[in-house]
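structure-v2.cif (mmCIF, C-alpha atoms) appears below.
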```cif
data_work
#
loop_
_atom_site.group_PDB
_atom_site.id
_atom_site.type_symbol
_atom_site.label_atom_id
_atom_site.label_comp_id
_atom_site.auth_asym_id
_atom_site.auth_seq_id
_atom_site.Cartn_x
_atom_site.Cartn_y
_atom_site.Cartn_z
ATOM 1 C CA MET R 1 -7.289 25.856 4.582
ATOM 2 C CA PRO R 2 -4.175 27.736 3.443
ATOM 3 C CA MET R 3 -0.914 26.749 5.154
ATOM 4 C CA THR R 4 2.563 28.183 4.959
ATOM 5 C CA GLU R 5 5.198 26.273 3.049
ATOM 6 C CA GLU R 6 6.947 25.486 6.323
ATOM 7 C CA GLU R 7 3.811 24.006 7.859
ATOM 8 C CA VAL R 8 3.329 21.929 4.735
ATOM 9 C CA PHE R 9 6.947 20.758 4.894
ATOM 10 C CA GLU R 10 6.551 19.537 8.477
ATOM 11 C CA LYS R 11 3.504 17.460 7.586
ATOM 12 C CA VAL R 12 5.080 16.145 4.391
ATOM 13 C CA LYS R 13 8.116 15.168 6.423
ATOM 14 C CA GLU R 14 5.962 13.208 8.897
ATOM 15 C CA THR R 15 4.223 11.510 5.986
ATOM 16 C CA LEU R 16 7.477 10.451 4.334
ATOM 17 C CA VAL R 17 9.003 9.258 7.608
ATOM 18 C CA GLU R 18 5.990 6.974 8.080
ATOM 19 C CA ALA R 19 5.657 5.846 4.476
ATOM 20 C CA LEU R 20 9.339 5.202 3.780
ATOM 21 C CA GLY R 21 10.704 4.378 7.215
ATOM 22 C CA VAL R 22 13.379 7.067 6.933
ATOM 23 C CA ASP R 23 14.743 9.382 9.619
ATOM 24 C CA ASP R 24 13.501 12.937 10.083
ATOM 25 C CA GLU R 25 16.798 14.493 9.091
ATOM 26 C CA GLU R 26 16.935 12.581 5.817
ATOM 27 C CA VAL R 27 13.807 14.337 4.594
ATOM 28 C CA ALA R 28 15.383 17.520 3.244
ATOM 29 C CA PRO R 29 13.556 19.605 0.624
ATOM 30 C CA GLN R 30 16.080 18.691 -2.057
ATOM 31 C CA ALA R 31 16.120 14.956 -1.270
ATOM 32 C CA THR R 32 14.874 12.801 -4.153
ATOM 33 C CA LEU R 33 12.232 10.232 -3.281
ATOM 34 C CA THR R 34 13.769 7.287 -5.104
ATOM 35 C CA GLY R 35 17.480 8.126 -5.036
ATOM 36 C CA ASP R 36 17.861 9.581 -1.539
ATOM 37 C CA LEU R 37 14.867 8.175 0.323
ATOM 38 C CA GLY R 38 14.660 4.747 -1.337
ATOM 39 C CA ALA R 39 11.039 4.940 -2.498
ATOM 40 C CA GLU R 40 9.764 2.144 -4.755
ATOM 41 C CA SER R 41 6.768 2.230 -7.061
ATOM 42 C CA ILE R 42 4.179 1.103 -4.468
ATOM 43 C CA ASP R 43 5.519 3.764 -2.094
ATOM 44 C CA PHE R 44 4.298 6.473 -4.460
ATOM 45 C CA LEU R 45 0.742 5.234 -4.020
ATOM 46 C CA ASP R 46 1.273 4.942 -0.279
ATOM 47 C CA ILE R 47 2.546 8.534 -0.180
ATOM 48 C CA VAL R 48 -0.493 9.739 -2.147
ATOM 49 C CA PHE R 49 -2.868 7.922 0.256
ATOM 50 C CA ARG R 50 -1.129 9.371 3.293
ATOM 51 C CA LEU R 51 -0.993 12.920 1.866
ATOM 52 C CA GLU R 52 -4.713 12.785 1.101
ATOM 53 C CA LYS R 53 -5.398 11.836 4.698
ATOM 54 C CA ALA R 54 -2.902 14.216 6.305
ATOM 55 C CA PHE R 55 -4.093 17.271 4.355
ATOM 56 C CA ASN R 56 -7.688 16.174 3.809
ATOM 57 C CA ILE R 57 -7.439 16.607 0.048
ATOM 58 C CA LYS R 58 -8.064 14.508 -3.077
ATOM 59 C CA ILE R 59 -5.132 13.830 -5.346
ATOM 60 C CA PRO R 60 -6.356 12.650 -8.770
ATOM 61 C CA ARG R 61 -4.400 9.835 -10.390
ATOM 62 C CA GLY R 62 -1.301 11.088 -12.174
ATOM 63 C CA GLU R 63 -1.562 14.666 -10.919
ATOM 64 C CA LEU R 64 1.232 14.622 -8.358
ATOM 65 C CA PHE R 65 3.273 11.814 -9.936
ATOM 66 C CA PRO R 66 2.406 11.551 -13.655
ATOM 67 C CA ASP R 67 2.133 8.020 -14.984
ATOM 68 C CA ASN R 68 2.416 6.555 -18.488
ATOM 69 C CA VAL R 69 5.035 9.057 -19.600
ATOM 70 C CA LEU R 70 7.584 6.405 -20.491
ATOM 71 C CA ASN R 71 5.201 4.235 -22.489
ATOM 72 C CA ASP R 72 4.408 6.870 -25.089
ATOM 73 C CA PRO R 73 6.825 6.727 -28.081
ATOM 74 C CA GLU R 74 5.960 10.302 -28.996
ATOM 75 C CA LEU R 75 7.218 11.520 -25.671
ATOM 76 C CA VAL R 76 10.313 9.364 -25.354
ATOM 77 C CA GLN R 77 12.876 8.562 -28.032
ATOM 78 C CA GLY R 78 16.258 6.952 -27.586
ATOM 79 C CA GLY R 79 15.921 6.965 -23.827
ATOM 80 C CA LYS R 80 15.347 10.713 -23.688
ATOM 81 C CA LEU R 81 12.285 12.877 -23.525
ATOM 82 C CA THR R 82 11.517 14.564 -26.829
ATOM 83 C CA GLU R 83 10.905 18.280 -26.949
ATOM 84 C CA SER R 84 7.179 17.716 -26.943
ATOM 85 C CA GLY R 85 7.579 15.118 -24.178
ATOM 86 C CA LEU R 86 9.426 17.618 -22.046
ATOM 87 C CA SER R 87 6.930 20.378 -22.635
ATOM 88 C CA GLN R 88 4.004 18.051 -21.899
ATOM 89 C CA LEU R 89 5.621 16.871 -18.711
ATOM 90 C CA LYS R 90 6.293 20.450 -17.641
ATOM 91 C CA GLN R 91 2.632 21.241 -18.153
ATOM 92 C CA ARG R 92 1.587 18.225 -16.119
ATOM 93 C CA MET R 93 4.086 18.950 -13.356
ATOM 94 C CA PRO R 94 4.098 22.685 -12.718
ATOM 95 C CA HIS R 95 5.129 21.784 -9.164
ATOM 96 C CA ALA R 96 8.487 20.314 -10.257
ATOM 97 C CA ASP R 97 11.752 22.120 -10.875
ATOM 98 C CA PHE R 98 12.951 21.191 -14.381
ATOM 99 C CA SER R 99 16.030 23.448 -14.483
ATOM 100 C CA GLN R 100 18.521 20.581 -14.112
ATOM 101 C CA PHE R 101 16.552 17.839 -15.793
ATOM 102 C CA GLU R 102 15.957 19.764 -19.014
ATOM 103 C CA GLN R 103 19.719 20.024 -19.610
ATOM 104 C CA ASP R 104 19.722 16.265 -20.161
ATOM 105 C CA PRO R 105 16.201 14.812 -20.193
ATOM 106 C CA ASP R 106 17.369 11.210 -19.812
ATOM 107 C CA VAL R 107 14.486 8.992 -18.682
ATOM 108 C CA ASN R 108 16.771 7.404 -16.117
ATOM 109 C CA LYS R 109 16.987 10.779 -14.422
ATOM 110 C CA LEU R 110 13.232 11.291 -14.357
ATOM 111 C CA GLY R 111 13.222 10.279 -10.700
ATOM 112 C CA ASP R 112 15.255 13.376 -9.870
ATOM 113 C CA LEU R 113 12.158 15.478 -10.544
ATOM 114 C CA PHE R 114 10.394 13.836 -7.620
ATOM 115 C CA LYS R 115 11.884 15.666 -4.698
ATOM 116 C CA VAL R 116 10.449 16.449 -1.304
ATOM 117 C CA GLN R 117 10.165 20.039 -2.521
ATOM 118 C CA THR R 118 8.055 18.837 -5.471
ATOM 119 C CA ILE R 119 5.480 17.484 -3.034
ATOM 120 C CA ILE R 120 5.632 20.635 -0.899
ATOM 121 C CA ASN R 121 5.000 22.816 -3.980
ATOM 122 C CA TYR R 122 2.092 20.644 -5.091
ATOM 123 C CA ILE R 123 0.393 20.580 -1.689
ATOM 124 C CA THR R 124 0.952 24.280 -0.973
ATOM 125 C CA LYS R 125 -0.613 25.242 -4.291
ATOM 126 C CA LYS R 126 -3.478 22.805 -3.844
ATOM 127 C CA LEU R 127 -4.328 24.136 -0.373
ATOM 128 C CA ASN R 128 -4.025 27.751 -1.378
ATOM 129 C CA ASP R 129 -6.139 27.299 -4.511
ATOM 130 C CA SER R 130 -8.979 25.612 -2.662
ATOM 131 C CA MET N 1 -3.002 -26.899 -1.915
ATOM 132 C CA ARG N 2 -2.899 -23.368 -0.603
ATOM 133 C CA TRP N 3 -1.802 -22.306 2.808
ATOM 134 C CA ILE N 4 -4.786 -20.708 4.444
ATOM 135 C CA TRP N 5 -3.782 -18.936 7.630
ATOM 136 C CA ILE N 6 -7.212 -18.028 8.913
ATOM 137 C CA ASP N 7 -9.800 -20.527 10.139
ATOM 138 C CA ARG N 8 -12.920 -18.459 9.634
ATOM 139 C CA PHE N 9 -14.327 -14.969 9.532
ATOM 140 C CA VAL N 10 -16.334 -13.867 12.546
ATOM 141 C CA GLU N 11 -17.301 -10.478 11.126
ATOM 142 C CA PHE N 12 -17.279 -9.090 7.609
ATOM 143 C CA LYS N 13 -18.563 -5.681 6.588
ATOM 144 C CA PRO N 14 -18.034 -5.345 2.849
ATOM 145 C CA GLY N 15 -15.734 -2.490 1.879
ATOM 146 C CA ASN N 16 -15.135 -1.652 5.500
ATOM 147 C CA LEU N 17 -13.793 -4.235 7.951
ATOM 148 C CA ALA N 18 -13.149 -7.927 8.448
ATOM 149 C CA VAL N 19 -12.375 -9.954 11.532
ATOM 150 C CA ALA N 20 -10.962 -13.465 11.257
ATOM 151 C CA VAL N 21 -9.720 -15.985 13.798
ATOM 152 C CA LYS N 22 -6.997 -18.601 13.748
ATOM 153 C CA ASN N 23 -6.646 -21.284 16.400
ATOM 154 C CA VAL N 24 -3.043 -22.247 16.979
ATOM 155 C CA SER N 25 -2.573 -25.971 17.547
ATOM 156 C CA LEU N 26 0.435 -28.084 18.369
ATOM 157 C CA ALA N 27 -0.833 -30.491 15.708
ATOM 158 C CA GLU N 28 0.566 -28.051 13.127
ATOM 159 C CA ASP N 29 4.001 -29.178 11.946
ATOM 160 C CA TYR N 30 5.672 -25.825 11.616
ATOM 161 C CA LEU N 31 5.416 -25.178 15.350
ATOM 162 C CA HIS N 32 7.760 -28.096 16.017
ATOM 163 C CA ASP N 33 10.495 -26.373 14.065
ATOM 164 C CA HIS N 34 9.794 -22.902 15.376
ATOM 165 C CA TRP N 35 11.200 -23.741 17.833
ATOM 166 C CA SER N 36 11.950 -27.235 18.956
ATOM 167 C CA GLY N 37 11.025 -27.374 22.647
ATOM 168 C CA TYR N 38 9.630 -23.833 22.549
ATOM 169 C CA PRO N 39 6.859 -23.610 19.979
ATOM 170 C CA ILE N 40 5.709 -20.101 19.116
ATOM 171 C CA MET N 41 3.628 -18.832 16.219
ATOM 172 C CA PRO N 42 6.018 -17.212 13.686
ATOM 173 C CA ALA N 43 5.348 -13.482 13.350
ATOM 174 C CA VAL N 44 5.696 -13.748 9.592
ATOM 175 C CA LEU N 45 2.741 -16.154 9.508
ATOM 176 C CA MET N 46 0.690 -13.694 11.523
ATOM 177 C CA ILE N 47 1.504 -11.082 8.900
ATOM 178 C CA GLU N 48 0.307 -13.594 6.295
ATOM 179 C CA GLY N 49 -2.863 -14.177 8.337
ATOM 180 C CA MET N 50 -3.515 -10.451 8.366
ATOM 181 C CA ALA N 51 -2.714 -10.251 4.643
ATOM 182 C CA GLN N 52 -5.318 -12.917 3.941
ATOM 183 C CA THR N 53 -7.931 -11.265 6.165
ATOM 184 C CA ALA N 54 -7.314 -7.805 4.721
ATOM 185 C CA GLY N 55 -6.698 -9.092 1.191
ATOM 186 C CA ILE N 56 -10.058 -10.850 1.023
ATOM 187 C CA LEU N 57 -11.691 -7.684 2.380
ATOM 188 C CA VAL N 58 -10.014 -5.626 -0.353
ATOM 189 C CA GLY N 59 -10.850 -8.193 -3.053
ATOM 190 C CA GLN N 60 -14.487 -8.389 -2.070
ATOM 191 C CA ALA N 61 -14.748 -4.581 -2.135
ATOM 192 C CA ARG N 62 -14.326 -4.861 -5.932
ATOM 193 C CA ASN N 63 -16.410 -8.028 -6.090
ATOM 194 C CA PHE N 64 -13.265 -10.135 -6.692
ATOM 195 C CA ALA N 65 -12.758 -8.555 -10.118
ATOM 196 C CA GLU N 66 -9.214 -7.413 -9.274
ATOM 197 C CA LYS N 67 -6.111 -9.481 -8.662
ATOM 198 C CA VAL N 68 -5.105 -8.272 -5.242
ATOM 199 C CA ILE N 69 -1.460 -8.758 -4.326
ATOM 200 C CA LEU N 70 0.279 -7.813 -1.101
ATOM 201 C CA ALA N 71 2.607 -5.002 -2.135
ATOM 202 C CA LYS N 72 3.930 -3.485 1.065
ATOM 203 C CA ILE N 73 4.096 -4.172 4.770
ATOM 204 C CA ALA N 74 3.830 -0.602 5.960
ATOM 205 C CA ARG N 75 4.015 -1.575 9.628
ATOM 206 C CA ALA N 76 4.334 -4.824 11.571
ATOM 207 C CA GLU N 77 4.778 -4.688 15.325
ATOM 208 C CA PHE N 78 4.268 -7.483 17.823
ATOM 209 C CA ASP N 79 4.537 -6.940 21.559
ATOM 210 C CA ASP N 80 4.120 -10.527 22.672
ATOM 211 C CA ILE N 81 4.269 -14.122 21.514
ATOM 212 C CA VAL N 82 1.520 -16.561 20.566
ATOM 213 C CA THR N 83 1.771 -20.206 21.636
ATOM 214 C CA PRO N 84 -0.241 -23.400 20.983
ATOM 215 C CA GLY N 85 -3.720 -23.215 22.490
ATOM 216 C CA ASP N 86 -4.035 -19.494 21.788
ATOM 217 C CA GLN N 87 -6.586 -17.991 19.474
ATOM 218 C CA ILE N 88 -5.418 -15.203 17.188
ATOM 219 C CA THR N 89 -7.868 -12.584 15.953
ATOM 220 C CA TYR N 90 -7.049 -10.456 12.924
ATOM 221 C CA HIS N 91 -8.978 -7.209 12.759
ATOM 222 C CA ALA N 92 -8.545 -5.426 9.422
ATOM 223 C CA GLU N 93 -10.017 -2.173 8.137
ATOM 224 C CA ILE N 94 -9.769 -0.545 4.743
ATOM 225 C CA GLU N 95 -8.204 2.867 5.149
ATOM 226 C CA HIS N 96 -8.064 3.753 1.504
ATOM 227 C CA ILE N 97 -8.987 2.111 -1.758
ATOM 228 C CA ASN N 98 -8.772 3.366 -5.325
ATOM 229 C CA PRO N 99 -8.607 1.719 -8.761
ATOM 230 C CA GLU N 100 -4.909 0.896 -8.407
ATOM 231 C CA ALA N 101 -4.399 -0.062 -4.790
ATOM 232 C CA ALA N 102 -5.674 -0.283 -1.231
ATOM 233 C CA ALA N 103 -4.245 0.433 2.211
ATOM 234 C CA THR N 104 -5.448 -1.422 5.288
ATOM 235 C CA LYS N 105 -4.746 -1.086 8.973
ATOM 236 C CA GLY N 106 -5.013 -3.968 11.322
ATOM 237 C CA THR N 107 -4.668 -5.142 14.872
ATOM 238 C CA VAL N 108 -3.706 -8.612 16.033
ATOM 239 C CA LEU N 109 -5.219 -9.983 19.228
ATOM 240 C CA ARG N 110 -4.255 -13.029 21.272
ATOM 241 C CA ASN N 111 -7.176 -14.417 23.252
ATOM 242 C CA ALA N 112 -8.898 -11.029 22.865
ATOM 243 C CA GLN N 113 -5.878 -9.059 24.073
ATOM 244 C CA ARG N 114 -4.211 -6.744 21.596
ATOM 245 C CA ILE N 115 -0.631 -7.779 20.899
ATOM 246 C CA GLY N 116 0.212 -6.344 17.513
ATOM 247 C CA ARG N 117 -0.422 -4.005 14.651
ATOM 248 C CA VAL N 118 -0.032 -4.769 10.962
ATOM 249 C CA ASP N 119 -0.706 -2.153 8.276
ATOM 250 C CA LEU N 120 -0.550 -3.299 4.678
ATOM 251 C CA MET N 121 -0.820 -2.124 1.095
ATOM 252 C CA PHE N 122 -2.279 -4.143 -1.723
ATOM 253 C CA SER N 123 -1.884 -3.606 -5.436
ATOM 254 C CA HIS N 124 -4.591 -4.225 -8.016
ATOM 255 C CA ILE N 125 -1.960 -5.588 -10.356
ATOM 256 C CA ASP N 126 -3.907 -5.380 -13.613
ATOM 257 C CA GLN N 127 -4.239 -1.610 -13.038
ATOM 258 C CA ASN N 128 -0.663 -1.038 -12.041
ATOM 259 C CA LEU N 129 1.901 -3.019 -13.933
ATOM 260 C CA ALA N 130 1.250 -1.519 -17.357
ATOM 261 C CA GLY N 131 2.197 -3.854 -20.152
ATOM 262 C CA THR N 132 2.570 -6.903 -17.919
ATOM 263 C CA GLU N 133 0.155 -9.637 -18.872
ATOM 264 C CA PHE N 134 -1.416 -11.864 -16.273
ATOM 265 C CA PRO N 135 -3.661 -14.876 -16.743
ATOM 266 C CA GLN N 136 -7.222 -13.798 -17.303
ATOM 267 C CA GLU N 137 -8.656 -15.880 -14.487
ATOM 268 C CA ASN N 138 -8.365 -14.497 -11.002
ATOM 269 C CA PHE N 139 -5.671 -16.740 -9.566
ATOM 270 C CA VAL N 140 -5.740 -14.881 -6.252
ATOM 271 C CA PHE N 141 -9.325 -15.478 -5.256
ATOM 272 C CA THR N 142 -9.886 -19.145 -5.778
ATOM 273 C CA GLY N 143 -12.727 -21.102 -4.229
ATOM 274 C CA GLN N 144 -10.991 -21.675 -0.911
ATOM 275 C CA PHE N 145 -10.646 -18.000 -0.103
ATOM 276 C CA ARG N 146 -14.084 -17.124 -1.357
ATOM 277 C CA ARG N 147 -15.793 -19.901 0.559
ATOM 278 C CA LEU N 148 -14.437 -18.392 3.782
ATOM 279 C CA VAL N 149 -16.332 -15.186 3.235
ATOM 280 C CA ALA N 150 -19.406 -16.579 1.470
ATOM 281 C CA PRO N 151 -21.517 -16.878 4.674
ATOM 282 C CA PHE N 152 -21.276 -13.120 5.153
ATOM 283 C CA LEU N 153 -22.309 -12.093 1.654
ATOM 284 C CA LYS N 154 -25.813 -11.732 0.307
ATOM 285 C CA PRO N 155 -26.677 -14.196 -2.426
ATOM 286 C CA GLY N 156 -25.795 -12.719 -5.795
ATOM 287 C CA THR N 157 -22.862 -10.640 -4.559
ATOM 288 C CA ASP N 158 -20.460 -13.538 -4.758
ATOM 289 C CA ASP N 159 -20.479 -16.470 -7.121
ATOM 290 C CA ALA N 160 -18.012 -18.620 -5.188
#
```

Could you show the structure in this file as structure tokens?
Amino acid sequence: MPMTEEEVFEKVKETLVEALGVDDEEVAPQATLTGDLGAESIDFLDIVFRLEKAFNIKIPRGELFPDNVLNDPELVQGGKLTESGLSQLKQRMPHADFSQFEQDPDVNKLGDLFKVQTIINYITKKLNDS
Amino acid sequence: MRWIWIDRFVEFKPGNLAVAVKNVSLAEDYLHDHWSGYPIMPAVLMIEGMAQTAGILVGQARNFAEKVILAKIARAEFDDIVTPGDQITYHAEIEHINPEAAATKGTVLRNAQRIGRVDLMFSHIDQNLAGTEFPQENFVFTGQFRRLVAPFLKPGTDDA
């Protein structure tokens, strides 16, 4: 069932408050999951499980949070994403905002792509496409 | 020796739910240190009891092929204490399971009265920690754990 972005945000917020033990007000659209909200690797799976339940959707592995990007030498060289790495990642994550990251595609900054807004974009599109 | 924090399963529905009990006895050493003169069951050991109940449930759901490791305590709340002579019941259900991980929700009962809630996440570590090598044998599900659940499984579904 289609939902507005605001409705999606409210549910995503509830999900992140439960999964990460953070306060409501910390979950701003521009907050990063790892940097601002303290998410660790297992939390990403927890978030996926909870989103699937909250929105009654299926999230295929790697669709919301791509995996195996860093292990591919064609995609990463010298600690930075190559041009083809960046373009592949953009294709896999149309829900993320790359405008800042692409200025300096340092793998250590990859986490900055995973914002609350990234999840909102993904879910909104998923619900409206179904 | 492994610390086993459940005495036996009383119900086991593969892939779905497991119920285990633990009888708390003053014969157990740790109670004399926690606390001297006022023995109570440590909450952390009740979390471990739930982790073993739920972990065996999760492991059996993949026929003990995966190495199942407790990865996250999503929630642990206890409203009351447990003392020697009490029986603890751990009721665990699988909420979600996929190739990489599982989430369980659980309630803790003392003498059939609900006193706590423990929700956990388990990782199937061979599927998750890319590049990390683990011993081939399943060091998580050794005979002791598997014998606990064997009475509830049909012959041929478990080779414990």

Note to self: Would you mind listing, as a list in words, all residues of chain R that have at least one atom within 7 Å of chain N, where all atoms listed in the file are what counts?
What the structure shows: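 For chain R, the answer reads Ala19, Ile42 and Phe49 of chain R.
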
Would you kindly translate the PyMOL selection byres ((chain R and resi 87-103) around 6) into the concrete residues it picks from this file, as a tab-separated table (two decimals) with C-alpha atoms, keeping the file's coordinate frame?
```tsv
chain	number	residue	atom	x	y	z
R	84	SER	CA	7.18	17.72	-26.94
R	85	GLY	CA	7.58	15.12	-24.18
R	86	LEU	CA	9.43	17.62	-22.05
R	104	ASP	CA	19.72	16.26	-20.16
R	105	PRO	CA	16.20	14.81	-20.19
R	118	THR	CA	8.06	18.84	-5.47
R	121	ASN	CA	5.00	22.82	-3.98
R	122	TYR	CA	2.09	20.64	-5.09
```

| task | Select, from N:Pro151, N:Thr83, N:Ala51, N:Ile115, the residue with the minimum atom-to-atom distance to His32 (chain N), counting all atoms listed in the file. | result |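 Checking each candidate against His32 (chain N), we get N:Thr83 as the closest.
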
Pick from R:Ile57, R:Leu64, R:Ala39, R:Ala31: nearest to Asp112 (chain R), with only C-alpha atoms counted?
->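 The shortest atom-to-atom distance to Asp112 (chain R) comes from R:Ala31.
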
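We find CA of Thr89 (chain N) and CA of Ala20 (chain N) to be spaced 5.7 Å apart.
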
Atom pair CA of Asp80 (chain N) + CA of Gly116 (chain N), distance 7.7 Å

Need the axis-aligned box for region 25-32 of chain N with 3 Å each side, so what are the centre and edges in Å to one decimal, as lines of an AutoDock Vina configuration file?
```
center_x = 2.6
center_y = -27.8
center_z = 15.0
size_x = 16.3
size_y = 11.3
size_z = 12.8
```

| query | If you count only C-alpha atoms, which residues fall within 8 Å of region 3-15 of chain R, apart from same-chain ones fewer than 5 positions away, as JSON, numbers by chain? | reply | {"R": [24, 27, 29, 47, 50, 51, 54, 116, 119, 120, 121, 123, 124, 127, 128]}

I need the residues from that last selection saved to file as a CSV table (one decimal), in the coordinates of the input (with C-alpha atoms), if you can.
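Full text of out20.csv as output:
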```
chain,number,residue,atom,x,y,z
R,24,ASP,CA,13.5,12.9,10.1
R,27,VAL,CA,13.8,14.3,4.6
R,29,PRO,CA,13.6,19.6,0.6
R,47,ILE,CA,2.5,8.5,-0.2
R,50,ARG,CA,-1.1,9.4,3.3
R,51,LEU,CA,-1.0,12.9,1.9
R,54,ALA,CA,-2.9,14.2,6.3
R,116,VAL,CA,10.4,16.4,-1.3
R,119,ILE,CA,5.5,17.5,-3.0
R,120,ILE,CA,5.6,20.6,-0.9
R,121,ASN,CA,5.0,22.8,-4.0
R,123,ILE,CA,0.4,20.6,-1.7
R,124,THR,CA,1.0,24.3,-1.0
R,127,LEU,CA,-4.3,24.1,-0.4
R,128,ASN,CA,-4.0,27.8,-1.4
```

Can you tell me which residues surround Trp3 (chain N) at a distance of at most 12 Å, considering only C-alpha atoms, apart from same-chain residues fewer than 2 positions away, and format the answer as a compact mmCIF listing (two decimals) with C-alpha atoms, in the coordinates of the input?
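Once everything was written out, this is around04.txt:
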```txt
# COMPACT_ATOMS: atom_id res chain seq x y z
CA MET N 1 -3.00 -26.90 -1.92
CA TRP N 5 -3.78 -18.94 7.63
CA ILE N 6 -7.21 -18.03 8.91
CA ASP N 7 -9.80 -20.53 10.14
CA LEU N 45 2.74 -16.15 9.51
CA GLU N 48 0.31 -13.59 6.30
CA GLY N 49 -2.86 -14.18 8.34
CA GLN N 52 -5.32 -12.92 3.94
CA GLN N 144 -10.99 -21.68 -0.91
CA PHE N 145 -10.65 -18.00 -0.10
```

Exactly which residues make up the result of the PyMOL selection byres ((chain N and resi 93) around 9) on this file, given as a list in words?
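Taken on the displayed file, the PyMOL selection byres ((chain N and resi 93) around 9) yields the residues Gly15, Asn16, Leu17, Ala18, Val19, Ala54, Leu57, His91, Ala92, Ile94, Glu95, Ala103, Thr104, Lys105 and Gly106 of chain N.
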
**Prompt:** Quick one: distance from CA of Glu66 (chain N) to CA of Asp43 (chain R) in Å, one decimal?
**Reply:**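 Computing it gives 19.8 Å between the two atoms.
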
* Out of R:Gly35, R:Phe44, R:Phe114, R:Glu18, which residue has the shortest atom-to-atom distance to Ile59 (chain R) when counting all atoms listed in the file? ->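 Result for the nearest residue to Ile59 (chain R): R:Phe44.
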
- Compare N:Ala61, N:Val149, N:Ile125, N:Val21 by their minimum atom-to-atom distance to Asn111 (chain N), counting all atoms listed in the file, and give me the closest one.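 Closest candidate: N:Val21.
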